[in-house]
Each structure stands twice: as C-alpha cells, then as structure tokens.
file my_file-v9.pdb (PDB, C-alpha atoms and all ligand atoms)
ATOM      1  CA  MET A  77      46.197  -5.638 -14.503  1.00  0.00           C
ATOM      2  CA  ALA A  78      44.242  -6.904 -17.485  1.00  0.00           C
ATOM      3  CA  VAL A  79      41.244  -9.109 -16.853  1.00  0.00           C
ATOM      4  CA  PRO A  80      41.257 -12.238 -19.042  1.00  0.00           C
ATOM      5  CA  ILE A  81      38.936 -11.559 -21.946  1.00  0.00           C
ATOM      6  CA  ASN A  82      36.624 -14.464 -21.190  1.00  0.00           C
ATOM      7  CA  GLN A  83      35.998 -13.013 -17.722  1.00  0.00           C
ATOM      8  CA  THR A  84      35.226  -9.532 -18.987  1.00  0.00           C
ATOM      9  CA  ARG A  85      31.917  -8.228 -17.702  1.00  0.00           C
ATOM     10  CA  VAL A  86      30.052  -5.605 -19.648  1.00  0.00           C
ATOM     11  CA  LEU A  87      27.752  -2.933 -18.285  1.00  0.00           C
ATOM     12  CA  LEU A  88      24.511  -2.770 -20.261  1.00  0.00           C
ATOM     13  CA  LEU A  89      22.699   0.587 -20.395  1.00  0.00           C
ATOM     14  CA  ASN A  90      19.157   1.263 -21.453  1.00  0.00           C
ATOM     15  CA  GLY A  91      18.445   2.997 -24.746  1.00  0.00           C
ATOM     16  CA  SER A  92      18.133   6.814 -24.759  1.00  0.00           C
ATOM     17  CA  THR A  93      18.288   7.266 -20.969  1.00  0.00           C
ATOM     18  CA  TRP A  94      21.560   5.357 -20.528  1.00  0.00           C
ATOM     19  CA  GLU A  95      20.390   4.053 -17.209  1.00  0.00           C
ATOM     20  CA  PRO A  96      22.317   0.965 -16.131  1.00  0.00           C
ATOM     21  CA  LEU A  97      20.298  -2.208 -16.619  1.00  0.00           C
ATOM     22  CA  ALA A  98      22.571  -5.119 -15.914  1.00  0.00           C
ATOM     23  CA  VAL A  99      26.054  -6.525 -15.898  1.00  0.00           C
ATOM     24  CA  ILE A 100      26.311  -9.100 -18.667  1.00  0.00           C
ATOM     25  CA  SER A 101      28.864 -11.512 -20.028  1.00  0.00           C
ATOM     26  CA  LEU A 102      31.115 -10.653 -22.938  1.00  0.00           C
ATOM     27  CA  PRO A 103      29.523 -13.174 -25.340  1.00  0.00           C
ATOM     28  CA  ARG A 104      26.080 -11.721 -24.624  1.00  0.00           C
ATOM     29  CA  ALA A 105      27.397  -8.202 -25.166  1.00  0.00           C
ATOM     30  CA  ILE A 106      29.040  -9.144 -28.462  1.00  0.00           C
ATOM     31  CA  ASN A 107      25.818 -10.789 -29.516  1.00  0.00           C
ATOM     32  CA  LEU A 108      23.849  -7.610 -28.853  1.00  0.00           C
ATOM     33  CA  LEU A 109      26.407  -5.527 -30.754  1.00  0.00           C
ATOM     34  CA  VAL A 110      26.654  -7.858 -33.734  1.00  0.00           C
ATOM     35  CA  SER A 111      22.870  -8.126 -34.008  1.00  0.00           C
ATOM     36  CA  GLU A 112      22.742  -4.312 -33.835  1.00  0.00           C
ATOM     37  CA  LYS A 113      20.526  -4.303 -30.781  1.00  0.00           C
ATOM     38  CA  ALA A 114      23.160  -2.351 -28.884  1.00  0.00           C
ATOM     39  CA  VAL A 115      25.887   0.196 -29.536  1.00  0.00           C
ATOM     40  CA  MET A 116      29.367   0.462 -28.113  1.00  0.00           C
ATOM     41  CA  VAL A 117      29.775   3.132 -25.440  1.00  0.00           C
ATOM     42  CA  GLU A 118      33.154   2.355 -23.868  1.00  0.00           C
ATOM     43  CA  GLN A 119      35.842  -0.066 -24.970  1.00  0.00           C
ATOM     44  CA  THR A 120      38.382  -1.828 -22.814  1.00  0.00           C
ATOM     45  CA  GLY A 121      41.180  -1.130 -25.275  1.00  0.00           C
ATOM     46  CA  GLU A 122      41.593  -4.833 -25.944  1.00  0.00           C
ATOM     47  CA  PHE A 123      40.589  -6.719 -29.034  1.00  0.00           C
ATOM     48  CA  LEU A 124      39.067 -10.050 -29.853  1.00  0.00           C
ATOM     49  CA  ARG A 125      40.857 -11.398 -32.876  1.00  0.00           C
ATOM     50  CA  THR A 126      39.497 -13.705 -35.484  1.00  0.00           C
ATOM     51  CA  VAL A 127      41.281 -14.756 -38.612  1.00  0.00           C
ATOM     52  CA  LYS A 128      40.042 -11.753 -40.545  1.00  0.00           C
ATOM     53  CA  THR A 129      38.892  -9.147 -38.058  1.00  0.00           C
ATOM     54  CA  ARG A 130      39.648  -7.430 -34.819  1.00  0.00           C
ATOM     55  CA  PHE A 131      36.665  -6.752 -32.638  1.00  0.00           C
ATOM     56  CA  PRO A 132      37.078  -4.163 -29.869  1.00  0.00           C
ATOM     57  CA  VAL A 133      36.167  -5.594 -26.452  1.00  0.00           C
ATOM     58  CA  PRO A 134      33.315  -3.566 -24.963  1.00  0.00           C
ATOM     59  CA  SER A 135      33.235  -2.338 -21.369  1.00  0.00           C
ATOM     60  CA  VAL A 136      29.928  -0.459 -21.594  1.00  0.00           C
ATOM     61  CA  ILE A 137      27.219  -0.877 -24.233  1.00  0.00           C
ATOM     62  CA  ALA A 138      23.774   0.672 -24.642  1.00  0.00           C
ATOM     63  CA  LEU A 139      20.621  -0.749 -26.170  1.00  0.00           C
ATOM     64  CA  ARG A 140      19.430   1.041 -29.289  1.00  0.00           C
ATOM     65  CA  ARG A 141      15.883   1.082 -28.003  1.00  0.00           C
ATOM     66  CA  TYR A 142      14.554   2.069 -24.633  1.00  0.00           C
ATOM     67  CA  ILE A 143      12.995  -0.817 -22.750  1.00  0.00           C
ATOM     68  CA  ASN A 144      10.613  -0.348 -19.879  1.00  0.00           C
ATOM     69  CA  VAL A 145      11.887  -2.077 -16.766  1.00  0.00           C
ATOM     70  CA  PRO A 146      10.189  -1.958 -13.410  1.00  0.00           C
ATOM     71  CA  ARG A 147      12.575  -0.722 -10.753  1.00  0.00           C
ATOM     72  CA  ARG A 148      13.498  -3.143  -8.077  1.00  0.00           C
ATOM     73  CA  GLN A 149      14.220  -1.393  -4.851  1.00  0.00           C
ATOM     74  CA  ALA A 150      17.337  -2.526  -3.110  1.00  0.00           C
ATOM     75  CA  HIS A 151      16.986  -3.901   0.382  1.00  0.00           C
ATOM     76  CA  TRP A 152      18.447  -1.495   2.943  1.00  0.00           C
ATOM     77  CA  SER A 153      21.543  -2.606   4.825  1.00  0.00           C
ATOM     78  CA  ARG A 154      24.373  -0.889   6.667  1.00  0.00           C
ATOM     79  CA  ARG A 155      26.872  -2.453   4.330  1.00  0.00           C
ATOM     80  CA  GLY A 156      24.805  -1.324   1.361  1.00  0.00           C
ATOM     81  CA  VAL A 157      24.856   2.276   2.628  1.00  0.00           C
ATOM     82  CA  LEU A 158      28.628   2.250   3.088  1.00  0.00           C
ATOM     83  CA  THR A 159      29.110   0.724  -0.362  1.00  0.00           C
ATOM     84  CA  ARG A 160      26.688   3.172  -1.972  1.00  0.00           C
ATOM     85  CA  ASP A 161      28.576   6.083  -0.401  1.00  0.00           C
ATOM     86  CA  ASN A 162      31.952   4.548  -1.126  1.00  0.00           C
ATOM     87  CA  TYR A 163      33.100   5.209   2.461  1.00  0.00           C
ATOM     88  CA  VAL A 164      32.962   8.976   1.992  1.00  0.00           C
ATOM     89  CA  CYS A 165      31.681  10.913   5.020  1.00  0.00           C
ATOM     90  CA  ILE A 166      28.558  12.813   4.001  1.00  0.00           C
ATOM     91  CA  TYR A 167      29.427  15.688   6.343  1.00  0.00           C
ATOM     92  CA  CYS A 168      33.156  16.332   6.045  1.00  0.00           C
ATOM     93  CA  GLY A 169      34.105  14.331   2.935  1.00  0.00           C
ATOM     94  CA  VAL A 170      36.914  12.253   4.448  1.00  0.00           C
ATOM     95  CA  THR A 171      37.306   8.737   3.113  1.00  0.00           C
ATOM     96  CA  ILE A 172      39.443   5.632   3.502  1.00  0.00           C
ATOM     97  CA  GLY A 173      43.069   6.729   3.430  1.00  0.00           C
ATOM     98  CA  SER A 174      42.314  10.317   4.505  1.00  0.00           C
ATOM     99  CA  GLN A 175      44.837  11.649   7.001  1.00  0.00           C
ATOM    100  CA  THR A 176      43.265  13.212  10.065  1.00  0.00           C
ATOM    101  CA  ARG A 177      45.017  14.802  13.018  1.00  0.00           C
ATOM    102  CA  ASP A 178      45.912  11.513  14.639  1.00  0.00           C
ATOM    103  CA  LYS A 179      45.460   8.749  12.085  1.00  0.00           C
ATOM    104  CA  VAL A 180      44.941   7.514   8.555  1.00  0.00           C
ATOM    105  CA  LEU A 181      41.312   6.484   8.209  1.00  0.00           C
ATOM    106  CA  ALA A 182      40.354   2.864   7.516  1.00  0.00           C
ATOM    107  CA  LYS A 183      37.021   1.141   6.918  1.00  0.00           C
ATOM    108  CA  ASP A 184      36.486   0.771  10.656  1.00  0.00           C
ATOM    109  CA  ASP A 185      36.483   4.538  11.088  1.00  0.00           C
ATOM    110  CA  PHE A 186      33.184   4.870   9.238  1.00  0.00           C
ATOM    111  CA  THR A 187      29.668   4.162  10.331  1.00  0.00           C
ATOM    112  CA  VAL A 188      26.117   4.602   9.134  1.00  0.00           C
ATOM    113  CA  ASP A 189      24.592   7.881  10.265  1.00  0.00           C
ATOM    114  CA  HIS A 190      20.845   8.352  10.580  1.00  0.00           C
ATOM    115  CA  ILE A 191      20.166  11.851   9.294  1.00  0.00           C
ATOM    116  CA  VAL A 192      16.977  12.012  11.313  1.00  0.00           C
ATOM    117  CA  PRO A 193      18.217  10.107  14.370  1.00  0.00           C
ATOM    118  CA  ARG A 194      16.459   6.904  15.296  1.00  0.00           C
ATOM    119  CA  SER A 195      15.721   8.380  18.709  1.00  0.00           C
ATOM    120  CA  ARG A 196      13.614  10.966  16.884  1.00  0.00           C
ATOM    121  CA  GLY A 197      11.781   8.564  14.635  1.00  0.00           C
ATOM    122  CA  GLY A 198      14.331   8.318  11.810  1.00  0.00           C
ATOM    123  CA  LYS A 199      14.095   5.048   9.941  1.00  0.00           C
ATOM    124  CA  ASP A 200      16.545   2.578   8.443  1.00  0.00           C
ATOM    125  CA  GLN A 201      15.931   3.883   4.939  1.00  0.00           C
ATOM    126  CA  TRP A 202      18.249   4.678   2.072  1.00  0.00           C
ATOM    127  CA  THR A 203      17.225   8.335   2.051  1.00  0.00           C
ATOM    128  CA  ASN A 204      17.673   8.721   5.810  1.00  0.00           C
ATOM    129  CA  THR A 205      21.067   7.108   6.126  1.00  0.00           C
ATOM    130  CA  ALA A 206      24.543   7.852   4.877  1.00  0.00           C
ATOM    131  CA  CYS A 207      28.147   7.038   5.525  1.00  0.00           C
ATOM    132  CA  ALA A 208      29.738   9.241   8.188  1.00  0.00           C
ATOM    133  CA  CYS A 209      33.106   9.229   9.869  1.00  0.00           C
ATOM    134  CA  TYR A 210      33.033   8.503  13.590  1.00  0.00           C
ATOM    135  CA  ASN A 211      33.997  12.103  14.376  1.00  0.00           C
ATOM    136  CA  CYS A 212      31.037  13.580  12.532  1.00  0.00           C
ATOM    137  CA  ASN A 213      28.687  10.864  13.739  1.00  0.00           C
ATOM    138  CA  HIS A 214      29.732  11.556  17.327  1.00  0.00           C
ATOM    139  CA  ARG A 215      29.586  15.318  16.904  1.00  0.00           C
ATOM    140  CA  LYS A 216      26.091  15.160  15.450  1.00  0.00           C
ATOM    141  CA  GLY A 217      24.819  12.828  18.177  1.00  0.00           C
ATOM    142  CA  SER A 218      21.048  12.728  18.293  1.00  0.00           C
ATOM    143  CA  ARG A 219      20.571  16.067  16.571  1.00  0.00           C
ATOM    144  CA  LEU A 220      19.440  16.933  13.083  1.00  0.00           C
ATOM    145  CA  PRO A 221      22.284  18.113  10.850  1.00  0.00           C
ATOM    146  CA  HIS A 222      21.249  21.785  10.942  1.00  0.00           C
ATOM    147  CA  GLU A 223      20.917  21.680  14.734  1.00  0.00           C
ATOM    148  CA  ALA A 224      24.521  20.500  14.890  1.00  0.00           C
ATOM    149  CA  GLY A 225      25.637  23.092  12.332  1.00  0.00           C
ATOM    150  CA  MET A 226      26.440  20.330   9.857  1.00  0.00           C
ATOM    151  CA  LYS A 227      25.601  20.067   6.196  1.00  0.00           C
ATOM    152  CA  LEU A 228      24.932  17.115   3.950  1.00  0.00           C
ATOM    153  CA  GLN A 229      27.325  17.226   1.019  1.00  0.00           C
ATOM    154  CA  TRP A 230      24.882  15.245  -1.120  1.00  0.00           C
ATOM    155  CA  GLU A 231      21.379  13.904  -0.888  1.00  0.00           C
ATOM    156  CA  PRO A 232      21.240  10.200  -0.036  1.00  0.00           C
ATOM    157  CA  LYS A 233      19.433   8.278  -2.754  1.00  0.00           C
ATOM    158  CA  ILE A 234      17.849   4.890  -3.207  1.00  0.00           C
ATOM    159  CA  PRO A 235      20.247   2.757  -5.248  1.00  0.00           C
ATOM    160  CA  ARG A 236      18.719   1.343  -8.401  1.00  0.00           C
ATOM    161  CA  THR A 237      19.491  -2.201  -7.413  1.00  0.00           C
ATOM    162  CA  SER A 238      21.691  -3.672  -4.743  1.00  0.00           C
ATOM    163  CA  TYR A 239      23.094  -5.896  -7.426  1.00  0.00           C
ATOM    164  CA  LEU A 240      24.476  -2.979  -9.403  1.00  0.00           C
ATOM    165  CA  VAL A 241      25.970  -1.344  -6.333  1.00  0.00           C
ATOM    166  CA  ILE A 242      27.934  -4.463  -5.610  1.00  0.00           C
ATOM    167  CA  ALA A 243      28.863  -4.999  -9.248  1.00  0.00           C
ATOM    168  CA  VAL A 244      30.097  -1.471  -9.644  1.00  0.00           C
ATOM    169  CA  GLY A 245      32.049  -1.585  -6.418  1.00  0.00           C
ATOM    170  CA  SER A 246      34.239  -4.206  -8.002  1.00  0.00           C
ATOM    171  CA  GLY A 247      33.791  -3.087 -11.612  1.00  0.00           C
ATOM    172  CA  PRO A 248      36.153  -1.108 -13.817  1.00  0.00           C
ATOM    173  CA  ASP A 249      36.434   2.659 -13.369  1.00  0.00           C
ATOM    174  CA  ALA A 250      34.954   3.141 -16.842  1.00  0.00           C
ATOM    175  CA  TRP A 251      31.577   2.148 -15.393  1.00  0.00           C
ATOM    176  CA  ARG A 252      31.389   4.674 -12.632  1.00  0.00           C
ATOM    177  CA  ARG A 253      30.138   7.618 -14.577  1.00  0.00           C
ATOM    178  CA  TYR A 254      27.149   5.598 -15.775  1.00  0.00           C
ATOM    179  CA  ILE A 255      26.001   4.613 -12.341  1.00  0.00           C
ATOM    180  CA  GLU A 256      24.494   7.008  -9.865  1.00  0.00           C
ATOM    181  CA  VAL A 257      23.642   5.265  -6.701  1.00  0.00           C
TER     182      VAL A 257
HETATM  183 ZN    ZN B 301      33.132  13.310   8.792  1.00  0.00          ZN
END

call {"tool": "encode", "arguments": {"input": "my_file-v9.pdb", "output": "structure tokens"}}
result
Amino acid sequence: MAVPINQTRVLLLNGSTWEPLAVISLPRAINLLVSEKAVMVEQTGEFLRTVKTRFPVPSVIALRRYINVPRRQAHWSRRGVLTRDNYVCIYCGVTIGSQTRDKVLAKDDFTVDHIVPRSRGGKDQWTNTACACYNCNHRKGSRLPHEAGMKLQWEPKIPRTSYLVIAVGSGPDAWRRYIEV
C-alpha cells in the first residue's frame, strides 16, 4: 500500500559512516538534496512531478559531510528490548508466527530474559537483556546461558536512540539495513 507522498518519512544518515541520524519529513529531505547537502541512497519508486521535472521520492538519504553528534542513550524498557529484538528469541530464534509443537507463537509468548539473572546481580540493561520465548526463558531459569547449555545467537546491544527503534519498527523495509539496534 503506497503511503501518500506528503506523509512520506525519510531516513537521514550521517556522512561517510551512514549511521542513522533522524527520521525527517519529505520537504526537509528534498531541501537537503536540492541544496546538495545530502545524496540519495534509496528511492521509494514514486515521483514528485512538477511542470517540467520528475523528482524521485527519497526513502533514505545521507549527508555529504560527517557531522559529530553526541549519542543519546535510549532509556531501557521491556517493550524497548522486545522491539529492538523484533520478537526473535535470542536462544532458539523463534519469532511471532513460528509454529512450535503445540501452537503458533504470538507476542504474548515472548518475554524479556536477563542473561545474567537478576537473582545473580544481573541488571535491567540493554546489554544484559534480550527477547526470549517462554520455553527458553523457563528452561534457562536462574542460570547463565552456558550453565543451561544455551547460546546467545547475537550480542545484545544498546540501541542508538529509542526514537529510531520505534521509527524503524513502523518504517519501510528499505530502512532496515541501515539501522542496527
Ligand atoms: Zn526460544
């Protein structure tokens, strides 16, 4: 389903590193492109038409120059962890819609696992928490992954900003490869 052009949001990347900086409006993106402060990275496939020209509608653009931005650390939350991990279990890889022995998994079948359990001093931190299915969470209990014979399939990271995690969760697929959360 096509998004109306005036509601198009554009992902802005930093120069040279292509780190995501912000989600901006289409007019602002066009402005950056036309003033040659940014370059087109991905297009939506649609066009803005004027009397004489057709201007491709951007989905992702990058600044020409690198700008130094202090990193804001996202506030930890259970919901943030589940969104960051896209409801994929860090231990067995099942996700929403996965068929297990007795059911098709839904959002409710996932929880936030503390890699170092809270009972052993593990904190509510981005790097100590990940999405896990209830089976794995239960199996692991209050053990460390290696004690339970379980392996992390990736290393939990601090998202760049909570804002981008939310934006990308509802953003077009074309954005995903530019965002590592
Ligand atoms: Zn699992």

call {"tool": "atom_distance", "arguments": {"input": "my_file-v9.pdb", "atom1": "atom CA of Val157 of chain A", "atom2": "atom CA of Asp184 of chain A"}}
result
14.2 Å

call {"tool": "residues_near_ligand", "arguments": {"input": "my_file-v9.pdb", "ligand": "ligand ZN 301 (chain B)", "cutoff": "9 Å", "atoms": "all atoms listed in the file", "output": "list in words"}}
result
Val164, Cys165, Ile166, Tyr167, Cys168, Gly169, Val170, Thr171, Phe186, Cys207, Ala208, Cys209, Tyr210, Asn211, Cys212 and Asn213 of chain A

call {"tool": "closest_residue", "arguments": {"input": "my_file-v9.pdb", "among": "A:Leu102, A:Val127, A:Leu220, A:Ala206", "to": "Lys233 of chain A", "atoms": "all atoms listed in the file"}}
result
A:Ala206

call {"tool": "closest_residue", "arguments": {"input": "my_file-v9.pdb", "among": "A:Gln119, A:Ser195, A:Ser174, A:Ser135", "to": "Gly247 of chain A", "atoms": "all atoms listed in the file"}}
result
A:Ser135

call {"tool": "residues_around", "arguments": {"input": "my_file-v9.pdb", "residues": "Leu158 of chain A", "least_positions_apart": "2", "cutoff": "8 Å", "atoms": "only C-alpha atoms", "output": "PyMOL selection string"}}
result
chain A and resi 154-156+160-163+187-188+206-207

call {"tool": "atom_distance", "arguments": {"input": "my_file-v9.pdb", "atom1": "atom CA of Ser92 of chain A", "atom2": "atom CA of Trp251 of chain A"}}
result
17.0 Å

call {"tool": "residues_around", "arguments": {"input": "my_file-v9.pdb", "residues": "Ala105 of chain A", "least_positions_apart": "4", "cutoff": "8 Å", "atoms": "all atoms listed in the file", "output": "list in words"}}
result
Val86, Leu88, Ile100, Ser101, Leu109, Pro134 and Ile137 of chain A

call {"tool": "closest_residue", "arguments": {"input": "my_file-v9.pdb", "among": "A:Val133, A:Ala182, A:Met116, A:Asn107", "to": "Thr84 of chain A", "atoms": "only C-alpha atoms"}}
result
A:Val133

call {"tool": "residues_near_point", "arguments": {"input": "my_file-v9.pdb", "point": "(23.8, 19.9, 8.2)", "cutoff": "12 Å", "atoms": "only C-alpha atoms", "output": "PyMOL selection string"}}
result
chain A and resi 166-168+191-192+212-213+215-216+219-231
